[in-house]
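*Asks:* What follows is work_34.txt, made up of compact mmCIF, C-alpha atoms:
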```txt
# COMPACT_ATOMS: atom_id res chain seq x y z
CA MET A 163 87.06 -96.99 -3.40
CA HIS A 164 85.67 -94.38 -1.03
CA THR A 165 88.30 -95.32 1.59
CA THR A 166 91.07 -95.15 -1.00
CA LEU A 167 89.97 -91.67 -2.09
CA LYS A 168 89.90 -90.45 1.52
CA THR A 169 93.37 -91.88 2.06
CA LEU A 170 94.73 -90.13 -1.04
CA LEU A 171 93.13 -86.85 -0.01
CA ALA A 172 94.58 -87.13 3.48
CA ALA A 173 98.03 -87.86 2.08
CA GLY A 174 97.71 -84.88 -0.23
CA CYS A 175 96.81 -82.63 2.69
CA LEU A 176 99.81 -83.82 4.66
CA LEU A 177 102.09 -83.23 1.69
CA ALA A 178 100.70 -79.75 1.18
CA ALA A 179 101.15 -78.98 4.87
CA GLY A 180 104.75 -80.12 4.70
CA VAL A 181 105.47 -77.91 1.67
CA SER A 182 103.84 -74.88 3.28
CA GLN A 183 106.06 -75.10 6.35
CA ALA A 184 108.68 -73.12 4.40
CA ALA A 185 107.25 -70.15 2.49
CA ASP A 186 108.99 -68.15 -0.22
CA LEU A 187 110.55 -64.73 0.34
CA ARG A 188 111.79 -62.69 -2.60
CA PHE A 189 114.54 -60.21 -1.73
CA GLY A 190 115.19 -57.18 -3.94
CA VAL A 191 118.90 -56.42 -4.35
CA GLU A 192 121.23 -54.15 -6.31
CA ALA A 193 124.10 -56.51 -7.10
CA LEU A 194 126.81 -53.95 -7.91
CA TYR A 195 127.98 -52.93 -4.44
CA PRO A 196 130.70 -55.21 -3.02
CA PRO A 197 131.25 -56.40 -0.34
CA PHE A 198 127.54 -55.99 0.49
CA GLU A 199 126.24 -57.56 -2.68
CA SER A 200 127.82 -58.44 -6.03
CA LYS A 201 128.28 -61.34 -8.44
CA SER A 202 131.04 -63.92 -8.53
CA ALA A 203 132.92 -64.84 -11.70
CA SER A 204 130.37 -67.61 -12.23
CA GLY A 205 127.45 -65.17 -11.96
CA GLU A 206 126.32 -66.17 -8.45
CA LEU A 207 125.20 -63.53 -5.98
CA GLU A 208 127.61 -63.09 -3.08
CA GLY A 209 128.44 -60.70 -0.26
CA PHE A 210 127.53 -59.69 3.27
CA ASP A 211 123.86 -58.96 2.57
CA ILE A 212 123.44 -62.18 0.60
CA ASP A 213 124.82 -64.31 3.45
CA LEU A 214 122.84 -62.26 5.97
CA GLY A 215 119.62 -62.72 4.01
CA ASN A 216 120.14 -66.47 3.79
CA ALA A 217 120.83 -66.66 7.55
CA VAL A 218 117.69 -64.68 8.40
CA CYS A 219 115.60 -66.79 6.03
CA ALA A 220 116.90 -69.97 7.65
CA ALA A 221 116.02 -68.63 11.11
CA ALA A 222 112.54 -67.60 9.89
CA LYS A 223 112.03 -70.90 8.03
CA LEU A 224 111.65 -69.10 4.72
CA ARG A 225 113.03 -69.97 1.28
CA CYS A 226 114.97 -67.03 -0.17
CA SER A 227 115.13 -65.96 -3.78
CA TRP A 228 116.64 -62.80 -5.22
CA VAL A 229 115.41 -60.18 -7.70
CA GLU A 230 117.97 -57.73 -9.08
CA THR A 231 117.28 -54.07 -9.82
CA SER A 232 119.09 -50.73 -9.61
CA PHE A 233 119.33 -49.16 -6.16
CA ASP A 234 117.13 -46.18 -7.02
CA SER A 235 114.43 -48.57 -8.30
CA LEU A 236 114.26 -50.73 -5.16
CA ILE A 237 111.48 -48.87 -3.36
CA PRO A 238 109.22 -48.48 -6.45
CA ALA A 239 109.77 -52.16 -7.31
CA LEU A 240 108.89 -53.22 -3.75
CA GLN A 241 105.71 -51.15 -3.89
CA ALA A 242 104.89 -52.74 -7.27
CA ARG A 243 105.18 -56.19 -5.60
CA LYS A 244 108.07 -57.32 -7.77
CA PHE A 245 109.59 -58.75 -4.57
CA ASP A 246 108.74 -58.91 -0.87
CA ALA A 247 111.63 -57.18 0.93
CA ILE A 248 114.63 -54.97 0.15
CA ASN A 249 117.96 -56.41 1.25
CA SER A 250 120.56 -54.07 -0.23
CA ALA A 251 122.42 -52.11 2.48
CA MET A 252 119.53 -49.64 2.78
CA ASN A 253 119.63 -47.26 5.74
CA VAL A 254 116.46 -46.55 7.70
CA THR A 255 115.70 -42.84 7.26
CA GLU A 256 112.65 -40.69 7.96
CA GLN A 257 112.31 -39.93 4.25
CA ARG A 258 112.21 -43.61 3.30
CA LYS A 259 109.88 -44.44 6.19
CA ARG A 260 107.29 -42.19 4.59
CA ALA A 261 107.19 -44.61 1.64
CA ILE A 262 107.87 -48.04 3.17
CA ALA A 263 108.28 -49.88 6.47
CA PHE A 264 111.47 -51.44 7.82
CA THR A 265 112.45 -54.33 10.03
CA ARG A 266 114.45 -53.62 13.15
CA ALA A 267 117.95 -52.29 12.38
CA ILE A 268 120.43 -55.10 11.72
CA TYR A 269 123.77 -53.34 11.41
CA GLN A 270 125.37 -49.91 10.92
CA VAL A 271 128.49 -48.77 9.04
CA PRO A 272 130.37 -45.44 8.75
CA ASN A 273 130.26 -43.25 5.63
CA ARG A 274 133.56 -41.81 4.44
CA LEU A 275 135.13 -39.76 1.67
CA ILE A 276 137.67 -41.32 -0.72
CA ALA A 277 140.09 -39.03 -2.53
CA LYS A 278 143.76 -38.83 -3.50
CA ALA A 279 145.82 -39.58 -0.40
CA ASP A 280 148.01 -36.53 -0.91
CA GLY A 281 145.35 -34.23 -2.38
CA GLY A 282 144.55 -32.32 0.79
CA LEU A 283 140.81 -32.89 0.57
CA THR A 284 138.63 -33.42 3.63
CA PRO A 285 134.88 -34.12 3.91
CA ASP A 286 133.73 -30.54 4.41
CA ALA A 287 132.23 -28.00 2.05
CA LYS A 288 135.13 -25.52 2.13
CA ALA A 289 137.73 -28.11 1.19
CA LEU A 290 135.51 -29.56 -1.55
CA ALA A 291 134.33 -26.27 -3.08
CA GLY A 292 134.77 -26.41 -6.87
CA LYS A 293 135.42 -30.18 -6.79
CA ARG A 294 133.38 -33.03 -8.28
CA VAL A 295 132.14 -35.71 -5.86
CA GLY A 296 130.60 -38.93 -7.18
CA VAL A 297 127.76 -40.69 -5.34
CA LEU A 298 125.38 -43.58 -5.96
CA GLN A 299 122.05 -42.35 -7.30
CA GLY A 300 119.21 -42.61 -4.82
CA SER A 301 121.57 -43.22 -1.89
CA ILE A 302 121.80 -41.42 1.43
CA GLN A 303 125.32 -40.44 0.43
CA GLU A 304 123.77 -38.47 -2.43
CA ASN A 305 121.31 -36.90 0.01
CA TYR A 306 124.11 -35.89 2.37
CA ALA A 307 126.32 -34.43 -0.36
CA LYS A 308 123.47 -32.43 -1.85
CA ALA A 309 122.35 -31.13 1.55
CA HIS A 310 125.75 -30.24 3.01
CA TRP A 311 128.10 -29.66 0.07
CA ALA A 312 126.21 -28.72 -3.10
CA PRO A 313 124.95 -25.36 -1.70
CA GLN A 314 128.61 -24.43 -1.03
CA GLY A 315 129.77 -24.94 -4.61
CA VAL A 316 130.55 -28.65 -4.65
CA GLU A 317 129.44 -30.45 -7.84
CA VAL A 318 127.65 -33.64 -6.78
CA VAL A 319 127.52 -36.21 -9.60
CA ALA A 320 125.08 -39.14 -9.22
CA TYR A 321 125.61 -42.52 -10.92
CA GLN A 322 123.38 -45.58 -11.18
CA ASP A 323 126.42 -47.83 -10.75
CA GLN A 324 129.07 -47.31 -8.05
CA ASN A 325 131.63 -49.07 -10.26
CA GLN A 326 131.30 -46.22 -12.75
CA VAL A 327 132.11 -43.82 -9.91
CA TYR A 328 135.35 -45.72 -9.31
CA LEU A 329 136.24 -45.62 -13.01
CA ASP A 330 135.73 -41.87 -13.22
CA LEU A 331 137.58 -41.31 -9.95
CA SER A 332 140.66 -43.26 -11.08
CA ALA A 333 140.53 -41.52 -14.49
CA GLY A 334 140.53 -38.09 -12.87
CA ARG A 335 137.00 -37.14 -13.93
CA LEU A 336 136.00 -37.00 -10.25
CA ASP A 337 137.87 -35.65 -7.25
CA ALA A 338 136.25 -37.82 -4.58
CA THR A 339 133.42 -40.18 -3.71
CA LEU A 340 131.31 -40.46 -0.56
CA ILE A 341 130.53 -44.08 0.25
CA MET A 342 129.94 -46.68 2.95
CA ALA A 343 133.41 -47.47 4.26
CA PRO A 344 133.33 -51.28 3.68
CA ALA A 345 132.17 -50.79 0.08
CA GLY A 346 134.89 -48.24 -0.60
CA GLN A 347 137.59 -50.46 0.89
CA SER A 348 136.55 -53.65 -0.89
CA GLY A 349 135.35 -52.17 -4.17
CA PHE A 350 138.13 -49.65 -4.75
CA LEU A 351 140.91 -49.06 -2.22
CA SER A 352 141.92 -52.74 -2.03
CA ARG A 353 142.13 -53.00 -5.82
CA PRO A 354 144.91 -51.88 -8.18
CA GLU A 355 142.86 -48.96 -9.50
CA GLY A 356 142.60 -47.59 -5.96
CA LYS A 357 146.36 -47.08 -5.65
CA GLY A 358 147.16 -43.57 -4.43
CA PHE A 359 143.68 -43.08 -2.98
CA ALA A 360 142.58 -43.30 0.65
CA PHE A 361 139.84 -42.47 3.11
CA VAL A 362 140.36 -38.82 3.98
CA GLY A 363 139.14 -37.16 7.17
CA ASP A 364 136.68 -38.62 9.64
CA ALA A 365 133.37 -40.34 8.93
CA VAL A 366 130.61 -37.87 8.10
CA GLN A 367 127.73 -37.55 10.56
CA ASP A 368 124.07 -36.56 10.19
CA GLU A 369 121.59 -38.76 12.03
CA LYS A 370 118.62 -37.25 10.20
CA ILE A 371 120.07 -38.28 6.83
CA PHE A 372 121.94 -41.47 7.70
CA GLY A 373 119.22 -42.75 10.00
CA SER A 374 119.32 -45.44 12.64
CA GLY A 375 121.03 -48.31 10.84
CA ILE A 376 120.52 -50.70 7.95
CA ALA A 377 117.44 -52.94 7.75
CA PHE A 378 115.20 -54.81 5.34
CA GLY A 379 112.62 -52.64 3.59
CA LEU A 380 109.00 -53.86 3.56
CA ARG A 381 105.60 -52.74 2.34
CA LYS A 382 103.73 -50.99 5.15
CA GLN A 383 100.85 -53.44 5.09
CA ASP A 384 103.08 -56.51 5.53
CA SER A 385 103.05 -56.44 9.34
CA ALA A 386 103.04 -60.24 9.71
CA LEU A 387 106.18 -60.53 7.59
CA LYS A 388 107.84 -57.77 9.61
CA GLN A 389 107.09 -59.60 12.86
CA ARG A 390 108.50 -62.84 11.47
CA LEU A 391 111.67 -61.21 10.12
CA ASP A 392 112.23 -59.16 13.29
CA ALA A 393 112.21 -62.35 15.37
CA ALA A 394 114.68 -64.00 12.99
CA ILE A 395 116.97 -60.94 13.02
CA VAL A 396 117.11 -61.01 16.83
CA GLN A 397 118.04 -64.68 16.61
CA VAL A 398 120.93 -64.22 14.16
CA GLN A 399 122.19 -61.21 16.13
CA GLN A 400 122.16 -63.13 19.41
CA GLN A 401 123.87 -66.11 17.78
CA GLY A 402 126.72 -63.82 16.66
CA THR A 403 126.05 -64.41 12.97
CA VAL A 404 126.01 -60.70 12.09
CA ASP A 405 129.35 -60.11 13.82
CA LYS A 406 130.92 -63.16 12.13
CA LEU A 407 129.79 -62.02 8.70
CA ALA A 408 131.02 -58.49 9.40
CA GLN A 409 134.46 -59.81 10.33
CA LYS A 410 134.51 -61.90 7.14
CA TYR A 411 133.56 -59.08 4.79
CA PHE A 412 134.47 -55.84 6.61
CA GLY A 413 137.44 -56.74 8.80
CA ASP A 414 137.60 -54.70 12.00
CA ILE A 415 134.87 -52.18 11.12
CA ASP A 416 132.34 -52.01 13.96
CA VAL A 417 128.81 -52.68 12.66
CA ALA A 418 126.90 -52.70 15.96
CA VAL A 419 123.72 -50.60 15.94
CA LYS A 420 124.24 -47.76 18.40
```
How does this structure look as structure tokens?
*Replies:*
Amino acid sequence: MHTTLKTLLAAGCLLAAGVSQAADLRFGVEALYPPFESKSASGELEGFDIDLGNAVCAAAKLRCSWVETSFDSLIPALQARKFDAINSAMNVTEQRKRAIAFTRAIYQVPNRLIAKADGGLTPDAKALAGKRVGVLQGSIQENYAKAHWAPQGVEVVAYQDQNQVYLDLSAGRLDATLIMAPAGQSGFLSRPEGKGFAFVGDAVQDEKIFGSGIAFGLRKQDSALKQRLDAAIVQVQQQGTVDKLAQKYFGDIDVAVK
């Protein structure tokens, strides 16, 4: 009897050890920003960041799950421990680093203005004076527009949902939107409602606002998780996974971290 009990306990320990080899990781995501993250017709999460997250989890031997929230709620929800990491095309900026930590930068994309192709607008304050520019609430695009354009008479309108920006742009209630180029191409310009619109002017630049690239957001005290994810990110970068996913979702847009 005693031997049988010891055997059962030993087997239980081995089983528990086997289960613990793969730990859980809950990613926070705003699922309304294709091609980075969105939902398929069947309700499944899909997009660049979803595939990237799954690849990093596989490399780190972690089991991924996903928690959805609005973009401007991601940092408060992370701090409230509703999930373990932000994976939602979030740029690493000095302002955000005051609140949370980040993994190493994984990729980087340009930010561009979308407007009527023949409207004569360009991404500078003089050309946009008196115009209405839509941005995603809580985004660095909102920060840029408010810092560079709003003081010069540009009306910056923030939305919780980028899809609503597209609706108001196509309906003429907005004159332009500032957005990550892949999201603007996939979510608007490549769709029927984007007919007659285009990227206008060059990509906007401000390293202080746009930061050093896109990474996973973490709580500052989770240093062990950061170390584990950083190692996995290096692995998927070296294997070419990031470049392959970028080609799949973004086409020829260069995503290399400069």
*Asks:* Could you name the residues that touch stretch 349-365 of chain A at 12 Å or less, counting only C-alpha atoms, but leaving out those on the same chain fewer than 5 positions away, as JSON, numbers by chain?
*Replies:* {"A": [194, 195, 196, 197, 198, 199, 200, 209, 271, 272, 273, 274, 275, 276, 277, 278, 279, 280, 281, 282, 283, 284, 285, 286, 289, 290, 303, 323, 324, 325, 326, 327, 328, 329, 330, 331, 332, 333, 334, 337, 338, 339, 340, 341, 342, 343, 344, 372, 411, 412]}
*Asks:* Determine the nearest neighbour of A:Ala222 from the options A:Asp186, A:Asp405, A:Asp414, A:Glu208, counting all atoms listed in the file.
*Replies:*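 Smallest distance to A:Ala222 is found for A:Asp186.
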*Asks:* State, in Å with one decimal place, the distance from atom CA of A:Leu240 to atom CA of A:Ser227.
*Replies:*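 Atom CA of A:Ser227 lies at a distance of 14.2 Å from atom CA of A:Leu240.
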*Asks:* Please return as a PDB file with C-alpha atoms, in the frame of the given file every residue within 7 Å of (109.4, -62.5, -5.3), taking into account only C-alpha atoms and the file's own coordinates.
*Replies:*
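Output saved as out.pdb:
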```pdb
ATOM      1  CA  LEU A 187     110.550 -64.730   0.340  1.00  0.00           C
ATOM      2  CA  ARG A 188     111.790 -62.690  -2.600  1.00  0.00           C
ATOM      3  CA  PHE A 189     114.540 -60.210  -1.730  1.00  0.00           C
ATOM      4  CA  SER A 227     115.130 -65.960  -3.780  1.00  0.00           C
ATOM      5  CA  VAL A 229     115.410 -60.180  -7.700  1.00  0.00           C
ATOM      6  CA  LYS A 244     108.070 -57.320  -7.770  1.00  0.00           C
ATOM      7  CA  PHE A 245     109.590 -58.750  -4.570  1.00  0.00           C
ATOM      8  CA  ASP A 246     108.740 -58.910  -0.870  1.00  0.00           C
TER       9      ASP A 246
END
```
*Asks:* Would you mind telling me which residue in A:Ala386, A:Cys226, A:Ile415, A:Ile237 lies nearest to A:Ala345 when using all atoms listed in the file?
*Replies:*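 Closest candidate: A:Ile415.
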*Asks:* What's the separation between atom CA of A:Glu317 and atom CA of A:Glu192, in Å to one decimal place?
*Replies:*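 Going from atom CA of A:Glu317 over to atom CA of A:Glu192 covers 25.1 Å.
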*Asks:* Expressed in Å to a single decimal, how great is the separation between atom CA of A:Gly413 and atom CA of A:Val366?
*Replies:*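 Atom-to-atom, atom CA of A:Gly413 and atom CA of A:Val366 are spaced 20.1 Å apart.
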*Asks:* Using all atoms listed in the file, find the one residue out of A:Leu407, A:Leu207, A:Leu380, A:Ala309 that sits nearest to A:Lys259.
*Replies:*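 Using all atoms listed in the file, the shortest distance to A:Lys259 belongs to A:Leu380.
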*Asks:* Fewer than 2 positions away in the same chain doesn't count, so skip those; otherwise give me all residues within 12 Å of A:Gly215, counting only C-alpha atoms, as JSON, numbers by chain.
*Replies:* {"A": [187, 188, 189, 190, 191, 198, 199, 207, 208, 209, 210, 211, 212, 213, 217, 218, 219, 220, 221, 222, 223, 224, 225, 226, 227, 228, 247, 248, 249, 250, 251, 268, 377, 378, 391, 394, 395, 398, 403, 404, 407]}
*Asks:* Taking (121.8, -34.1, 2.9) in the file's own coordinates, collect the residues within 12 Å, counting all atoms listed in the file, and hand them back as an mmCIF file with C-alpha atoms, keeping the file's coordinate frame.
*Replies:*
```
data_model
loop_
_atom_site.group_PDB
_atom_site.id
_atom_site.type_symbol
_atom_site.label_atom_id
_atom_site.label_comp_id
_atom_site.auth_asym_id
_atom_site.auth_seq_id
_atom_site.Cartn_x
_atom_site.Cartn_y
_atom_site.Cartn_z
ATOM 1 C CA THR A 255 115.700 -42.840 7.260
ATOM 2 C CA GLN A 257 112.310 -39.930 4.250
ATOM 3 C CA GLY A 300 119.210 -42.610 -4.820
ATOM 4 C CA SER A 301 121.570 -43.220 -1.890
ATOM 5 C CA ILE A 302 121.800 -41.420 1.430
ATOM 6 C CA GLN A 303 125.320 -40.440 0.430
ATOM 7 C CA GLU A 304 123.770 -38.470 -2.430
ATOM 8 C CA ASN A 305 121.310 -36.900 0.010
ATOM 9 C CA TYR A 306 124.110 -35.890 2.370
ATOM 10 C CA ALA A 307 126.320 -34.430 -0.360
ATOM 11 C CA LYS A 308 123.470 -32.430 -1.850
ATOM 12 C CA ALA A 309 122.350 -31.130 1.550
ATOM 13 C CA HIS A 310 125.750 -30.240 3.010
ATOM 14 C CA TRP A 311 128.100 -29.660 0.070
ATOM 15 C CA ALA A 312 126.210 -28.720 -3.100
ATOM 16 C CA PRO A 313 124.950 -25.360 -1.700
ATOM 17 C CA VAL A 318 127.650 -33.640 -6.780
ATOM 18 C CA LEU A 340 131.310 -40.460 -0.560
ATOM 19 C CA VAL A 366 130.610 -37.870 8.100
ATOM 20 C CA GLN A 367 127.730 -37.550 10.560
ATOM 21 C CA ASP A 368 124.070 -36.560 10.190
ATOM 22 C CA GLU A 369 121.590 -38.760 12.030
ATOM 23 C CA LYS A 370 118.620 -37.250 10.200
ATOM 24 C CA ILE A 371 120.070 -38.280 6.830
ATOM 25 C CA PHE A 372 121.940 -41.470 7.700
ATOM 26 C CA GLY A 373 119.220 -42.750 10.000
#
```
*Asks:* Give the answer as one residue: which of A:Leu387, A:Leu336, A:Lys382, A:Ala408 has the shortest atom-to-atom distance to A:Arg260, using all atoms listed in the file?
*Replies:*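 Residue with the minimum atom-to-atom distance to A:Arg260: A:Lys382.
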*Asks:* Please determine, counting only C-alpha atoms, which residue among A:Ala418, A:Gly315, A:Arg381, A:Tyr269 has the shortest atom-to-atom distance to A:Ala239.
*Replies:* A:Arg381
*Asks:* Calculated over all atoms listed in the file, which of the candidates A:Ala193, A:Ala242, A:Ala261, A:Ala185 has the smallest distance to A:Gln322?
*Replies:* A:Ala193
